[in-house]
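Notes to accompany the following structure.
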Amino acid sequence: MSRVAHKQHPLGSGFSAASTADDVIAGIDLTGTYAIVTGGHAGIGLEVTRALTGAGASVTVGSRAPDRAAAALAEAGLGGVEAGRLDLLDPVSVSAFADHWLEARRPLHILVNCAGVAPPMRLERDARGYEVQFATNHLGHFQLTLALHPALRAASGSRVVNVASGAQRFGEIRWDDPNFQQGTYQQGIAYAQSKLANVLFAVELDRRWAEDGVRGYAVHPGVIVGTALNNAAGREALLAQGLIDAAGQPVIDPERGKKTPQQGAATVVFAATSSRLAEIGGVYLKDNDISPLDDEARPVSADEVPSDVASHAIDPRSAHRLWDLSEELLAS
């Protein structure tokens, strides 16, 4: 991909890696705005829900267990937030969630595709035979977003924010075998594929839907110890990665990508609400700004978690191809 053609130019937003969701949404009034946050009752999703609600938005959380989600929201002081059943591995559940929204004839101004699954040690598949990370992190959100397109278009200015990861740098789409029917399954490879898919999806969504007033973004929130996703790695792995100290406490170093949930939610909220992005979409963000493009080989270490976007993650040809592949998988 030509380095000249890309849109990955930092804005100089005025925020930093240490900024929180409250920092970036300060002064923004979302009264009359409708939002959906998948997985919005836990981890960074909860902090996104808190920030959007605090600014006046009406937020609905999608969860496999809405009763449990409602209890978590109430405990967080967000008892007025609606929780609906959404199982991203079940196409029927995804369709029902979207249909319920459309039947209410509400516009949708913000869709945050935040829910994810912890990488399983062994290969797991859904009822369709699809690998669960690709199916949950990408395909379920792809189906949901397409189904909600009428509501997004009706908002006359809406945003879809995919919570991705710096793992996009190391990912590749297994075009002929995305579900590991052949070869050896490795949880990290499957995770990176799903996160790369989140970015490519945002790129193609923006190309297709920008004329409808629907813009797409992908976000690297940082590495947040304490979420189910990162805790699944286990204590020894977290120690080796410099994410916890000897006492088991999280290491917070936002300049190196190690953040609190409030800091991790900030870039998601920035993507969803910042006026600085009003005329640009189809980009990958980190640290509350558009990420620069970086194609240098940078290994992951305890001191560095590379997360700038790589060219292959925003390649328009791959983005188009993934959209077509995703539609084929949903139709199978």
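For the structure tokens, the naming scheme is as follows: chains receive sequential letters (A, B, ...) according to their order of presentation, residues are indexed from 1 within each chain, and ligands are indexed from 1 in presentation order.
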query: Excluding same-chain residues fewer than 2 positions from Ala297 of chain A, what lies within 12 Å of it counting only C-alpha atoms, as JSON, numbers by chain?
result: {"A": [169, 170, 294, 295, 299, 300, 306, 307, 308, 309, 310]}
Given the selection you just returned, output its residues as a file containing N, CA, C and O atoms, formatted as a PDB file, in the first residue's frame.
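Written output follows (part.pdb):
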ATOM      1  N   ARG A 169      -0.620  -5.593  14.359  1.00  0.00           N
ATOM      2  CA  ARG A 169       0.699  -5.535  13.717  1.00  0.00           C
ATOM      3  C   ARG A 169       1.219  -6.927  13.359  1.00  0.00           C
ATOM      4  O   ARG A 169       1.972  -7.097  12.404  1.00  0.00           O
ATOM      5  N   PHE A 170       0.807  -7.910  14.155  1.00  0.00           N
ATOM      6  CA  PHE A 170       1.341  -9.266  14.001  1.00  0.00           C
ATOM      7  C   PHE A 170       0.336 -10.216  13.363  1.00  0.00           C
ATOM      8  O   PHE A 170       0.606 -11.405  13.225  1.00  0.00           O
ATOM      9  N   ASP A 294       3.541   2.726  11.120  1.00  0.00           N
ATOM     10  CA  ASP A 294       4.862   2.225  11.503  1.00  0.00           C
ATOM     11  C   ASP A 294       5.021   0.795  11.017  1.00  0.00           C
ATOM     12  O   ASP A 294       4.363  -0.108  11.523  1.00  0.00           O
ATOM     13  N   ASP A 295       5.895   0.607  10.053  1.00  0.00           N
ATOM     14  CA  ASP A 295       6.126  -0.726   9.507  1.00  0.00           C
ATOM     15  C   ASP A 295       7.467  -1.310   9.931  1.00  0.00           C
ATOM     16  O   ASP A 295       7.912  -2.328   9.385  1.00  0.00           O
ATOM     17  N   PRO A 299       9.690  -6.109  18.192  1.00  0.00           N
ATOM     18  CA  PRO A 299       9.228  -7.224  19.027  1.00  0.00           C
ATOM     19  C   PRO A 299       8.560  -6.734  20.303  1.00  0.00           C
ATOM     20  O   PRO A 299       8.851  -5.643  20.804  1.00  0.00           O
ATOM     21  N   VAL A 300       7.655  -7.543  20.816  1.00  0.00           N
ATOM     22  CA  VAL A 300       7.021  -7.246  22.104  1.00  0.00           C
ATOM     23  C   VAL A 300       7.982  -7.620  23.220  1.00  0.00           C
ATOM     24  O   VAL A 300       8.606  -8.680  23.197  1.00  0.00           O
ATOM     25  N   PRO A 306       4.557  -2.705  21.156  1.00  0.00           N
ATOM     26  CA  PRO A 306       4.325  -1.958  19.914  1.00  0.00           C
ATOM     27  C   PRO A 306       2.844  -1.943  19.553  1.00  0.00           C
ATOM     28  O   PRO A 306       2.179  -2.975  19.613  1.00  0.00           O
ATOM     29  N   SER A 307       2.333  -0.784  19.182  1.00  0.00           N
ATOM     30  CA  SER A 307       0.896  -0.705  18.906  1.00  0.00           C
ATOM     31  C   SER A 307       0.530   0.280  17.800  1.00  0.00           C
ATOM     32  O   SER A 307      -0.651   0.434  17.489  1.00  0.00           O
ATOM     33  N   ASP A 308       1.497   0.966  17.207  1.00  0.00           N
ATOM     34  CA  ASP A 308       1.169   1.809  16.057  1.00  0.00           C
ATOM     35  C   ASP A 308       0.643   0.932  14.928  1.00  0.00           C
ATOM     36  O   ASP A 308       0.972  -0.247  14.824  1.00  0.00           O
ATOM     37  N   VAL A 309      -0.138   1.514  14.063  1.00  0.00           N
ATOM     38  CA  VAL A 309      -0.751   0.731  13.004  1.00  0.00           C
ATOM     39  C   VAL A 309       0.255   0.388  11.914  1.00  0.00           C
ATOM     40  O   VAL A 309       1.144   1.182  11.598  1.00  0.00           O
ATOM     41  N   ALA A 310       0.130  -0.815  11.372  1.00  0.00           N
ATOM     42  CA  ALA A 310       0.966  -1.267  10.259  1.00  0.00           C
ATOM     43  C   ALA A 310       0.177  -1.185   8.957  1.00  0.00           C
ATOM     44  O   ALA A 310      -1.057  -1.256   8.951  1.00  0.00           O
TER      45      ALA A 310
END
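For Pro150 of chain A, the non-local neighbours within 10 Å, defined as residues at least 3 positions apart in the same chain or in other chains and counting only C-alpha atoms, are Leu102, Arg105, Arg106, Pro107, Leu108, Thr145, Leu146, Ala147, Arg153, Ala154, Ala155 and Asp212 of chain A.
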- request: Can you work out which one of A:Ala35, A:Val214, A:Val94, A:Ala278 has the shortest atom-to-atom distance to Leu330 of chain A, counting only C-alpha atoms?
  value: A:Val94
message: I'd like the neighbourhood of segment 112-127 of chain A as a PyMOL selection string, where a residue qualifies if any of its atoms comes within 7 Å (using only C-alpha atoms), though same-chain residues fewer than 2 positions away should be ignored.
response: chain A and resi 36-39+45+89+110+129-133+136-137+141+160-163+185+187+191+228-229+232
Those same residues - N, CA, C and O atoms - I'd like them written as an mmCIF file, in the first residue's frame.
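Result file follows (again.cif):
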data_model
loop_
_atom_site.group_PDB
_atom_site.id
_atom_site.type_symbol
_atom_site.label_atom_id
_atom_site.label_comp_id
_atom_site.auth_asym_id
_atom_site.auth_seq_id
_atom_site.Cartn_x
_atom_site.Cartn_y
_atom_site.Cartn_z
ATOM 1 N N ILE A 36 -24.965 2.132 21.699
ATOM 2 C CA ILE A 36 -24.885 0.723 22.097
ATOM 3 C C ILE A 36 -23.420 0.416 22.369
ATOM 4 O O ILE A 36 -22.545 0.764 21.574
ATOM 5 N N VAL A 37 -23.162 -0.247 23.484
ATOM 6 C CA VAL A 37 -21.813 -0.693 23.823
ATOM 7 C C VAL A 37 -21.879 -2.187 24.101
ATOM 8 O O VAL A 37 -22.476 -2.615 25.092
ATOM 9 N N THR A 38 -21.293 -3.001 23.239
ATOM 10 C CA THR A 38 -21.277 -4.435 23.512
ATOM 11 C C THR A 38 -20.249 -4.698 24.615
ATOM 12 O O THR A 38 -19.166 -4.117 24.622
ATOM 13 N N GLY A 39 -20.624 -5.548 25.568
ATOM 14 C CA GLY A 39 -19.740 -5.789 26.707
ATOM 15 C C GLY A 39 -19.560 -4.543 27.559
ATOM 16 O O GLY A 39 -18.551 -4.395 28.249
ATOM 17 N N GLY A 45 -15.260 -1.534 28.752
ATOM 18 C CA GLY A 45 -16.616 -1.302 28.279
ATOM 19 C C GLY A 45 -17.450 -0.577 29.311
ATOM 20 O O GLY A 45 -18.245 0.320 28.969
ATOM 21 N N LEU A 89 -21.828 -15.125 19.392
ATOM 22 C CA LEU A 89 -21.587 -16.413 18.743
ATOM 23 C C LEU A 89 -22.862 -17.037 18.175
ATOM 24 O O LEU A 89 -22.802 -18.068 17.512
ATOM 25 N N ILE A 110 -24.006 6.083 18.148
ATOM 26 C CA ILE A 110 -22.704 5.509 18.502
ATOM 27 C C ILE A 110 -22.867 4.012 18.714
ATOM 28 O O ILE A 110 -23.700 3.574 19.516
ATOM 29 N N GLY A 129 -18.996 -24.076 13.578
ATOM 30 C CA GLY A 129 -17.657 -24.563 13.297
ATOM 31 C C GLY A 129 -16.634 -23.456 13.162
ATOM 32 O O GLY A 129 -15.487 -23.706 12.759
ATOM 33 N N TYR A 130 -17.004 -22.229 13.532
ATOM 34 C CA TYR A 130 -16.107 -21.095 13.398
ATOM 35 C C TYR A 130 -15.266 -20.920 14.668
ATOM 36 O O TYR A 130 -15.788 -21.048 15.787
ATOM 37 N N GLU A 131 -13.997 -20.623 14.472
ATOM 38 C CA GLU A 131 -13.090 -20.397 15.609
ATOM 39 C C GLU A 131 -13.628 -19.246 16.452
ATOM 40 O O GLU A 131 -14.013 -18.197 15.933
ATOM 41 N N VAL A 132 -13.642 -19.416 17.791
ATOM 42 C CA VAL A 132 -14.427 -18.517 18.633
ATOM 43 C C VAL A 132 -13.878 -17.094 18.701
ATOM 44 O O VAL A 132 -14.653 -16.140 18.879
ATOM 45 N N GLN A 133 -12.571 -16.901 18.574
ATOM 46 C CA GLN A 133 -12.062 -15.531 18.638
ATOM 47 C C GLN A 133 -12.461 -14.749 17.390
ATOM 48 O O GLN A 133 -12.926 -13.606 17.481
ATOM 49 N N THR A 136 -16.337 -14.262 17.581
ATOM 50 C CA THR A 136 -16.808 -13.302 18.582
ATOM 51 C C THR A 136 -16.300 -11.897 18.291
ATOM 52 O O THR A 136 -17.081 -10.952 18.158
ATOM 53 N N ASN A 137 -14.982 -11.776 18.204
ATOM 54 C CA ASN A 137 -14.372 -10.450 18.113
ATOM 55 C C ASN A 137 -14.699 -9.752 16.797
ATOM 56 O O ASN A 137 -14.852 -8.532 16.774
ATOM 57 N N HIS A 141 -19.696 -9.047 15.583
ATOM 58 C CA HIS A 141 -19.827 -7.594 15.491
ATOM 59 C C HIS A 141 -20.112 -7.153 14.062
ATOM 60 O O HIS A 141 -20.836 -6.170 13.838
ATOM 61 N N VAL A 160 -19.128 4.111 14.266
ATOM 62 C CA VAL A 160 -18.923 2.738 14.701
ATOM 63 C C VAL A 160 -17.474 2.635 15.148
ATOM 64 O O VAL A 160 -16.553 2.941 14.379
ATOM 65 N N VAL A 161 -17.276 2.214 16.394
ATOM 66 C CA VAL A 161 -15.938 2.124 16.969
ATOM 67 C C VAL A 161 -15.643 0.664 17.295
ATOM 68 O O VAL A 161 -16.314 0.066 18.145
ATOM 69 N N ASN A 162 -14.651 0.094 16.626
ATOM 70 C CA ASN A 162 -14.230 -1.281 16.894
ATOM 71 C C ASN A 162 -13.039 -1.263 17.836
ATOM 72 O O ASN A 162 -12.007 -0.641 17.532
ATOM 73 N N VAL A 163 -13.175 -1.939 18.965
ATOM 74 C CA VAL A 163 -12.061 -2.014 19.911
ATOM 75 C C VAL A 163 -11.109 -3.103 19.433
ATOM 76 O O VAL A 163 -11.416 -4.291 19.509
ATOM 77 N N TYR A 185 -3.425 -24.896 15.667
ATOM 78 C CA TYR A 185 -4.023 -23.723 16.303
ATOM 79 C C TYR A 185 -3.061 -23.122 17.317
ATOM 80 O O TYR A 185 -2.467 -23.835 18.131
ATOM 81 N N GLN A 187 -3.260 -19.782 20.020
ATOM 82 C CA GLN A 187 -4.200 -18.785 20.509
ATOM 83 C C GLN A 187 -3.778 -17.371 20.125
ATOM 84 O O GLN A 187 -4.610 -16.521 19.787
ATOM 85 N N TYR A 191 -5.889 -14.736 17.945
ATOM 86 C CA TYR A 191 -6.231 -13.427 18.521
ATOM 87 C C TYR A 191 -5.811 -12.296 17.579
ATOM 88 O O TYR A 191 -6.591 -11.377 17.296
ATOM 89 N N ALA A 228 -10.901 -9.469 32.010
ATOM 90 C CA ALA A 228 -10.931 -10.922 31.835
ATOM 91 C C ALA A 228 -9.999 -11.354 30.715
ATOM 92 O O ALA A 228 -9.359 -12.403 30.782
ATOM 93 N N LEU A 229 -9.900 -10.508 29.675
ATOM 94 C CA LEU A 229 -9.062 -10.839 28.527
ATOM 95 C C LEU A 229 -7.606 -10.984 28.926
ATOM 96 O O LEU A 229 -6.952 -11.980 28.628
ATOM 97 N N ALA A 232 -6.579 -13.704 31.675
ATOM 98 C CA ALA A 232 -6.568 -15.087 31.210
ATOM 99 C C ALA A 232 -5.167 -15.577 30.887
ATOM 100 O O ALA A 232 -4.924 -16.785 30.834
#
query: Can you tell me, as a count of residues only, what residues are no more than 8 Å from Phe270 of chain A when counting only C-alpha atoms, ignoring any on the same chain fewer than 3 positions away?
result: 9
Proximity check segment 214-316 of chain A to segment 48-66 of chain A, 12 Å, nearest pairs one decimal Å, only C-alpha atoms, as a Markdown table:
| residue | atom | partner | partner_atom | distance |
| --- | --- | --- | --- | --- |
| A:Pro221 | CA | A:Val48 | CA | 11.1 |
| A:Pro261 | CA | A:Val48 | CA | 9.3 |
| A:Gln262 | CA | A:Val48 | CA | 8.2 |
| A:Gln263 | CA | A:Val48 | CA | 10.2 |
| A:Gly264 | CA | A:Val48 | CA | 9.2 |
| A:Ala265 | CA | A:Val48 | CA | 5.6 |
| A:Ala266 | CA | A:Val48 | CA | 7.7 |
| A:Thr267 | CA | A:Val48 | CA | 9.6 |
| A:Val268 | CA | A:Val48 | CA | 7.2 |
| A:Val269 | CA | A:Val48 | CA | 6.3 |
| A:Phe270 | CA | A:Val48 | CA | 10.0 |
| A:Ala271 | CA | A:Val48 | CA | 11.1 |
| A:Ala272 | CA | A:Leu52 | CA | 9.1 |
| A:Thr273 | CA | A:Leu52 | CA | 8.9 |
Please write the residues from the selection above to a file, keeping N, CA, C and O atoms, as a PDB file, in the first residue's frame.
ATOM      1  N   PRO A 221      -6.860   0.272  22.796  1.00  0.00           N
ATOM      2  CA  PRO A 221      -7.088   0.916  24.098  1.00  0.00           C
ATOM      3  C   PRO A 221      -5.876   0.916  25.011  1.00  0.00           C
ATOM      4  O   PRO A 221      -5.838   1.667  25.987  1.00  0.00           O
ATOM      5  N   PRO A 261      -8.262   0.961  33.500  1.00  0.00           N
ATOM      6  CA  PRO A 261      -9.472   0.877  32.668  1.00  0.00           C
ATOM      7  C   PRO A 261      -9.966   2.251  32.200  1.00  0.00           C
ATOM      8  O   PRO A 261     -10.438   2.395  31.070  1.00  0.00           O
ATOM      9  N   GLN A 262      -9.862   3.264  33.063  1.00  0.00           N
ATOM     10  CA  GLN A 262     -10.309   4.601  32.685  1.00  0.00           C
ATOM     11  C   GLN A 262      -9.437   5.177  31.566  1.00  0.00           C
ATOM     12  O   GLN A 262      -9.931   5.849  30.658  1.00  0.00           O
ATOM     13  N   GLN A 263      -8.135   4.902  31.613  1.00  0.00           N
ATOM     14  CA  GLN A 263      -7.245   5.349  30.541  1.00  0.00           C
ATOM     15  C   GLN A 263      -7.476   4.539  29.268  1.00  0.00           C
ATOM     16  O   GLN A 263      -7.434   5.082  28.157  1.00  0.00           O
ATOM     17  N   GLY A 264      -7.738   3.250  29.430  1.00  0.00           N
ATOM     18  CA  GLY A 264      -7.989   2.406  28.272  1.00  0.00           C
ATOM     19  C   GLY A 264      -9.262   2.800  27.540  1.00  0.00           C
ATOM     20  O   GLY A 264      -9.338   2.715  26.304  1.00  0.00           O
ATOM     21  N   ALA A 265     -10.263   3.238  28.294  1.00  0.00           N
ATOM     22  CA  ALA A 265     -11.537   3.634  27.676  1.00  0.00           C
ATOM     23  C   ALA A 265     -11.431   4.969  26.954  1.00  0.00           C
ATOM     24  O   ALA A 265     -12.271   5.283  26.096  1.00  0.00           O
ATOM     25  N   ALA A 266     -10.416   5.754  27.269  1.00  0.00           N
ATOM     26  CA  ALA A 266     -10.344   7.123  26.763  1.00  0.00           C
ATOM     27  C   ALA A 266     -10.328   7.191  25.245  1.00  0.00           C
ATOM     28  O   ALA A 266     -11.059   7.977  24.636  1.00  0.00           O
ATOM     29  N   THR A 267      -9.491   6.378  24.598  1.00  0.00           N
ATOM     30  CA  THR A 267      -9.396   6.470  23.136  1.00  0.00           C
ATOM     31  C   THR A 267     -10.678   5.979  22.476  1.00  0.00           C
ATOM     32  O   THR A 267     -11.058   6.454  21.403  1.00  0.00           O
ATOM     33  N   VAL A 268     -11.359   5.026  23.097  1.00  0.00           N
ATOM     34  CA  VAL A 268     -12.656   4.574  22.582  1.00  0.00           C
ATOM     35  C   VAL A 268     -13.639   5.737  22.605  1.00  0.00           C
ATOM     36  O   VAL A 268     -14.352   6.005  21.623  1.00  0.00           O
ATOM     37  N   VAL A 269     -13.686   6.447  23.724  1.00  0.00           N
ATOM     38  CA  VAL A 269     -14.586   7.587  23.864  1.00  0.00           C
ATOM     39  C   VAL A 269     -14.178   8.719  22.923  1.00  0.00           C
ATOM     40  O   VAL A 269     -15.030   9.385  22.325  1.00  0.00           O
ATOM     41  N   PHE A 270     -12.887   8.928  22.757  1.00  0.00           N
ATOM     42  CA  PHE A 270     -12.395   9.938  21.822  1.00  0.00           C
ATOM     43  C   PHE A 270     -12.885   9.630  20.406  1.00  0.00           C
ATOM     44  O   PHE A 270     -13.391  10.504  19.697  1.00  0.00           O
ATOM     45  N   ALA A 271     -12.751   8.375  19.998  1.00  0.00           N
ATOM     46  CA  ALA A 271     -13.206   7.978  18.665  1.00  0.00           C
ATOM     47  C   ALA A 271     -14.704   8.166  18.504  1.00  0.00           C
ATOM     48  O   ALA A 271     -15.192   8.537  17.427  1.00  0.00           O
ATOM     49  N   ALA A 272     -15.444   7.917  19.566  1.00  0.00           N
ATOM     50  CA  ALA A 272     -16.904   7.977  19.502  1.00  0.00           C
ATOM     51  C   ALA A 272     -17.454   9.388  19.532  1.00  0.00           C
ATOM     52  O   ALA A 272     -18.573   9.620  19.040  1.00  0.00           O
ATOM     53  N   THR A 273     -16.683  10.356  20.067  1.00  0.00           N
ATOM     54  CA  THR A 273     -17.289  11.662  20.352  1.00  0.00           C
ATOM     55  C   THR A 273     -16.498  12.876  19.888  1.00  0.00           C
ATOM     56  O   THR A 273     -17.068  13.972  19.809  1.00  0.00           O
TER      57      THR A 273
END
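Atom CA of Val251 of chain A to atom CA of Arg68 of chain A spans 29.0 Å [interatomic distance, one decimal].
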